[in-house]
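Asker: One structure, pasted below without further comment.
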Amino acid sequence: MVDFADVDFIDSIDEMPIGPSVAPEGTYPCKVIESVKYQSKSGNNTLKITFQVDNGKYKDHVEYFSLWHPTEDVRRIATEKFTRLAKAVGFKKYPDDASAYVGKELLMNLRNVDEDWKDNDGNTRTTTKTVVRSYEFKNDFPQSSESASEDSEVSPPPF
């Protein structure tokens with residue numbers, strides 16, 4: 001039996017689509033397309049949020065928020081970033097469920113940095129990593145109905 005008898009072989013590499021590239025540095029309209037609780041390789045719970053950048057013009061961006069990390073400083077930094085995100089999408093307090101972020105829109109200021117890492121063979125590789133400089137409220141949509149008073153204390157959601 002031939003496994004690939006019905007699969008076309010592309011002769012020219014130039015004919016192969018590359019897919020979206022990483023967004024150049026700048027501020028882009030973004031939309032949350034996935035928001036799920038995720039368990040890291042080390043076993044810690046974290047929140048994984050995937051953003052569609054500029055209506056899919058650029059590669060999706062993924063952020064991990066270590067809201068339940070055992071180290072207090074890591075947890076504090078993650079909570080600060082996550083609170084900025086919550087406010088940027090219009091929440092005045094955290095929603096009850098992570099899925100409430102899906103479909104939310106915001107502006108994200110992105111920056112690219114080169115990151116060195118070692119592959120399985122011990123070779124040093126360099127990849128471009130996108131980092132978020134800021135989450136900003138997008139003015140052309142109303143704030144969420146998930147509201148509380150402005151001075152409400154914000155704490156991580158109970159996922």
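How things are named: the first chain in the structure tokens is A, the next is B, and so on; residues count from 1 in each chain; ligands count from 1 in the order shown.
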Against range 120-131 of chain A, which residues of range 37-93 of chain A fall within 12 Å? For each one I want the closest pair of atoms and the distance in Å (one decimal), counting only C-alpha atoms, rows by chain and increasing residue number, as a Markdown table.

Answerer:
```
| residue | atom | partner | partner_atom | distance |
| --- | --- | --- | --- | --- |
| A:Phe51 | CA | A:Thr130 | CA | 12.0 |
| A:Val53 | CA | A:Thr130 | CA | 11.5 |
| A:Tyr58 | CA | A:Thr130 | CA | 11.4 |
| A:Lys59 | CA | A:Thr130 | CA | 10.0 |
| A:Asp60 | CA | A:Thr130 | CA | 10.2 |
| A:His61 | CA | A:Thr130 | CA | 7.5 |
| A:Val62 | CA | A:Thr130 | CA | 9.1 |
| A:Glu63 | CA | A:Val131 | CA | 8.7 |
| A:Tyr64 | CA | A:Val131 | CA | 11.4 |
```

Asker: Residues as selected, N, CA and C atoms, written as a PDB file, in the first residue's frame, can you do that?

Answerer:
```
ATOM      1  N   PHE A  51      -4.134  35.443  20.830  1.00  0.00           N
ATOM      2  CA  PHE A  51      -4.636  36.664  20.216  1.00  0.00           C
ATOM      3  C   PHE A  51      -4.485  36.583  18.701  1.00  0.00           C
ATOM      4  N   VAL A  53      -3.887  38.715  15.560  1.00  0.00           N
ATOM      5  CA  VAL A  53      -3.281  40.028  15.367  1.00  0.00           C
ATOM      6  C   VAL A  53      -3.718  40.618  14.027  1.00  0.00           C
ATOM      7  N   TYR A  58      -1.237  38.881  10.585  1.00  0.00           N
ATOM      8  CA  TYR A  58       0.033  38.423  11.130  1.00  0.00           C
ATOM      9  C   TYR A  58      -0.185  37.155  11.948  1.00  0.00           C
ATOM     10  N   LYS A  59       0.899  36.499  12.279  1.00  0.00           N
ATOM     11  CA  LYS A  59       0.865  35.275  13.071  1.00  0.00           C
ATOM     12  C   LYS A  59       0.176  35.535  14.414  1.00  0.00           C
ATOM     13  N   ASP A  60      -0.671  34.580  14.849  1.00  0.00           N
ATOM     14  CA  ASP A  60      -1.320  34.696  16.157  1.00  0.00           C
ATOM     15  C   ASP A  60      -0.261  34.801  17.249  1.00  0.00           C
ATOM     16  N   HIS A  61      -0.601  35.508  18.308  1.00  0.00           N
ATOM     17  CA  HIS A  61       0.317  35.676  19.437  1.00  0.00           C
ATOM     18  C   HIS A  61      -0.269  34.985  20.671  1.00  0.00           C
ATOM     19  N   VAL A  62       0.565  34.241  21.380  1.00  0.00           N
ATOM     20  CA  VAL A  62       0.132  33.514  22.576  1.00  0.00           C
ATOM     21  C   VAL A  62       0.840  34.089  23.796  1.00  0.00           C
ATOM     22  N   GLU A  63       0.062  34.314  24.845  1.00  0.00           N
ATOM     23  CA  GLU A  63       0.604  34.752  26.131  1.00  0.00           C
ATOM     24  C   GLU A  63       0.211  33.738  27.197  1.00  0.00           C
ATOM     25  N   TYR A  64       1.130  33.469  28.115  1.00  0.00           N
ATOM     26  CA  TYR A  64       0.871  32.596  29.256  1.00  0.00           C
ATOM     27  C   TYR A  64       0.937  33.447  30.520  1.00  0.00           C
TER      28      TYR A  64
END
```

Asker: Which residues are near range 103-119 of chain A? Cut-off 10 Å, only C-alpha atoms, ignore same chain within fewer than 4 positions. Put them as a PyMOL selection string.

Answerer: chain A and resi 22-35+51-54+61+85-91+99+123-141+144

Asker: Using only N, CA and C atoms, please write the residues we just selected to a file, as a short mmCIF file (atom, residue, chain, number, x, y, z; two decimals), in the first residue's frame.

Answerer:
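See again-v6.cif below for the written result:
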```cif
data_model
loop_
_atom_site.label_atom_id
_atom_site.label_comp_id
_atom_site.auth_asym_id
_atom_site.auth_seq_id
_atom_site.Cartn_x
_atom_site.Cartn_y
_atom_site.Cartn_z
N VAL A 22 5.42 37.23 11.56
CA VAL A 22 5.32 37.91 12.85
C VAL A 22 5.12 39.40 12.56
N ALA A 23 4.25 40.03 13.30
CA ALA A 23 3.97 41.45 13.10
C ALA A 23 5.21 42.29 13.39
N PRO A 24 5.48 43.28 12.55
CA PRO A 24 6.56 44.22 12.88
C PRO A 24 6.20 44.98 14.16
N GLU A 25 7.19 45.61 14.75
CA GLU A 25 6.91 46.36 15.97
C GLU A 25 5.87 47.42 15.71
N GLY A 26 4.94 47.56 16.66
CA GLY A 26 3.91 48.57 16.52
C GLY A 26 2.68 48.21 17.32
N THR A 27 1.63 49.00 17.18
CA THR A 27 0.38 48.79 17.89
C THR A 27 -0.65 48.25 16.91
N TYR A 28 -1.32 47.14 17.28
CA TYR A 28 -2.24 46.45 16.39
C TYR A 28 -3.57 46.16 17.08
N PRO A 29 -4.66 46.19 16.30
CA PRO A 29 -5.92 45.69 16.85
C PRO A 29 -5.82 44.17 16.98
N CYS A 30 -6.23 43.66 18.11
CA CYS A 30 -6.15 42.22 18.37
C CYS A 30 -7.47 41.73 18.94
N LYS A 31 -7.69 40.44 18.78
CA LYS A 31 -8.90 39.81 19.30
C LYS A 31 -8.50 38.51 19.97
N VAL A 32 -9.07 38.25 21.15
CA VAL A 32 -8.81 37.00 21.85
C VAL A 32 -9.58 35.90 21.14
N ILE A 33 -8.86 34.86 20.69
CA ILE A 33 -9.52 33.75 20.00
C ILE A 33 -9.50 32.46 20.82
N GLU A 34 -8.71 32.46 21.90
CA GLU A 34 -8.69 31.30 22.79
C GLU A 34 -8.24 31.76 24.17
N SER A 35 -8.88 31.22 25.20
CA SER A 35 -8.51 31.52 26.57
C SER A 35 -8.79 30.28 27.40
N PHE A 51 -4.13 35.44 20.83
CA PHE A 51 -4.64 36.66 20.22
C PHE A 51 -4.49 36.58 18.70
N GLN A 52 -5.53 36.95 17.98
CA GLN A 52 -5.44 37.12 16.54
C GLN A 52 -4.97 38.56 16.32
N VAL A 53 -3.89 38.71 15.56
CA VAL A 53 -3.28 40.03 15.37
C VAL A 53 -3.72 40.62 14.03
N ASP A 54 -4.31 41.80 14.08
CA ASP A 54 -4.71 42.57 12.91
C ASP A 54 -5.55 41.73 11.94
N HIS A 61 -0.60 35.51 18.31
CA HIS A 61 0.32 35.68 19.44
C HIS A 61 -0.27 34.99 20.67
N LEU A 85 -4.50 43.44 31.07
CA LEU A 85 -5.26 42.86 29.97
C LEU A 85 -6.76 42.94 30.26
N ALA A 86 -7.17 42.57 31.47
CA ALA A 86 -8.59 42.60 31.83
C ALA A 86 -9.17 43.99 31.64
N LYS A 87 -8.45 45.00 32.09
CA LYS A 87 -8.93 46.38 31.94
C LYS A 87 -8.94 46.81 30.48
N ALA A 88 -7.97 46.36 29.70
CA ALA A 88 -7.89 46.75 28.29
C ALA A 88 -9.05 46.19 27.47
N VAL A 89 -9.60 45.04 27.89
CA VAL A 89 -10.75 44.49 27.15
C VAL A 89 -12.08 44.96 27.74
N GLY A 90 -12.01 45.81 28.77
CA GLY A 90 -13.22 46.43 29.29
C GLY A 90 -13.76 45.85 30.58
N PHE A 91 -13.09 44.87 31.18
CA PHE A 91 -13.57 44.33 32.45
C PHE A 91 -13.19 45.27 33.59
N SER A 99 -13.29 31.70 29.52
CA SER A 99 -13.85 31.80 28.18
C SER A 99 -14.50 33.16 27.92
N ASN A 123 22.98 22.64 19.43
CA ASN A 123 23.27 23.79 18.57
C ASN A 123 22.51 25.02 19.05
N THR A 124 23.16 26.17 19.02
CA THR A 124 22.51 27.41 19.40
C THR A 124 21.69 27.91 18.23
N ARG A 125 20.44 28.20 18.50
CA ARG A 125 19.51 28.71 17.48
C ARG A 125 19.01 30.08 17.95
N THR A 126 18.63 30.90 17.00
CA THR A 126 18.06 32.20 17.30
C THR A 126 16.71 32.30 16.64
N THR A 127 15.71 32.68 17.42
CA THR A 127 14.38 32.91 16.86
C THR A 127 13.90 34.29 17.31
N THR A 128 13.00 34.84 16.53
CA THR A 128 12.40 36.12 16.89
C THR A 128 11.17 35.85 17.74
N LYS A 129 11.12 36.48 18.88
CA LYS A 129 10.01 36.32 19.81
C LYS A 129 9.27 37.65 19.92
N THR A 130 7.95 37.58 19.85
CA THR A 130 7.14 38.79 20.01
C THR A 130 6.78 38.95 21.48
N VAL A 131 6.99 40.15 22.01
CA VAL A 131 6.61 40.44 23.39
C VAL A 131 5.63 41.61 23.39
N VAL A 132 4.77 41.62 24.38
CA VAL A 132 3.77 42.67 24.51
C VAL A 132 4.34 43.79 25.35
N ARG A 133 4.37 44.98 24.76
CA ARG A 133 4.79 46.16 25.52
C ARG A 133 3.64 46.69 26.36
N SER A 134 2.42 46.67 25.77
CA SER A 134 1.27 47.16 26.52
C SER A 134 -0.02 46.63 25.92
N TYR A 135 -1.03 46.55 26.79
CA TYR A 135 -2.40 46.26 26.38
C TYR A 135 -3.16 47.57 26.50
N GLU A 136 -3.90 47.91 25.45
CA GLU A 136 -4.59 49.19 25.46
C GLU A 136 -6.06 49.00 25.11
N PHE A 137 -6.90 49.80 25.73
CA PHE A 137 -8.33 49.76 25.46
C PHE A 137 -8.58 50.24 24.05
N LYS A 138 -9.41 49.54 23.33
CA LYS A 138 -9.79 49.92 21.96
C LYS A 138 -11.07 50.74 22.07
N ASN A 139 -11.02 51.99 21.68
CA ASN A 139 -12.12 52.93 21.91
C ASN A 139 -13.37 52.71 21.08
N ASP A 140 -13.33 51.92 20.03
CA ASP A 140 -14.50 51.82 19.15
C ASP A 140 -15.46 50.69 19.50
N PHE A 141 -15.40 50.19 20.74
CA PHE A 141 -16.41 49.23 21.19
C PHE A 141 -16.74 49.52 22.65
N SER A 144 -17.39 46.16 28.67
CA SER A 144 -18.11 44.95 29.00
C SER A 144 -19.18 45.19 30.05
#
```

Asker: Taking only C-alpha atoms into account, name the residue in A:Arg76, A:Lys48, A:Lys41, A:Lys57 that is nearest to Ala98 in chain A.

Answerer: A:Lys48

Asker: What lies within 6 Å of Leu67 in chain A using only C-alpha atoms, ignoring chain neighbours under 6 positions off, as a compact mmCIF listing (two decimals) with all heavy atoms, in the first residue's frame?

Answerer:
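Result saved to part-v7.txt:
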```
# COMPACT_ATOMS: atom_id res chain seq x y z
N THR A 46 -1.58 27.63 34.61
CA THR A 46 -1.37 28.94 34.02
C THR A 46 -2.53 29.21 33.07
O THR A 46 -3.28 28.30 32.75
CB THR A 46 0.00 29.00 33.30
OG1 THR A 46 0.27 30.32 32.87
CG2 THR A 46 0.06 28.07 32.12
N ARG A 75 4.06 35.10 40.40
CA ARG A 75 2.61 35.24 40.48
C ARG A 75 2.19 36.72 40.47
O ARG A 75 1.24 37.10 39.79
CB ARG A 75 2.12 34.55 41.76
CG ARG A 75 0.66 34.21 41.79
CD ARG A 75 0.29 33.34 42.99
NE ARG A 75 0.76 33.86 44.26
CZ ARG A 75 1.68 33.27 45.02
NH1 ARG A 75 2.22 32.13 44.66
NH2 ARG A 75 2.04 33.80 46.17
N ALA A 78 2.67 38.19 36.92
CA ALA A 78 1.62 37.65 36.04
C ALA A 78 0.28 38.31 36.34
O ALA A 78 -0.48 38.65 35.42
CB ALA A 78 1.52 36.14 36.21
N THR A 79 -0.02 38.50 37.61
CA THR A 79 -1.29 39.13 38.00
C THR A 79 -1.35 40.58 37.53
O THR A 79 -2.39 41.05 37.07
CB THR A 79 -1.50 39.03 39.52
OG1 THR A 79 -1.51 37.65 39.88
CG2 THR A 79 -2.80 39.66 39.95
```

Asker: CA of Leu47 in chain A and CA of Pro20 in chain A, how far apart in Å?

Answerer: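 Atom-to-atom, CA of Pro20 in chain A to CA of Leu47 in chain A, that is 24.5 Å.
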
Asker: From a DSSP pass on the backbone, collect the residues of chain A flagged as strand (DSSP E or B) and hand them back as a PyMOL selection string.

Answerer: chain A and resi 26-39+45-53+58-65+105-118+124-136

Asker: What does the distance from CA of Ser21 in chain A to CA of Ala100 in chain A come to in Å, to one decimal?

Answerer: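 CA of Ala100 in chain A lies 27.9 Å from CA of Ser21 in chain A.
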
Asker: Could you jot down the CA of Thr83 in chain A to CA of Ser42 in chain A separation for me, Å, one decimal place?

Answerer: 23.9 Å

Asker: Run DSSP on the backbone and tell me which residues of chain A come out as alpha helix (DSSP H); list them as a count of residues only.

Answerer: 17
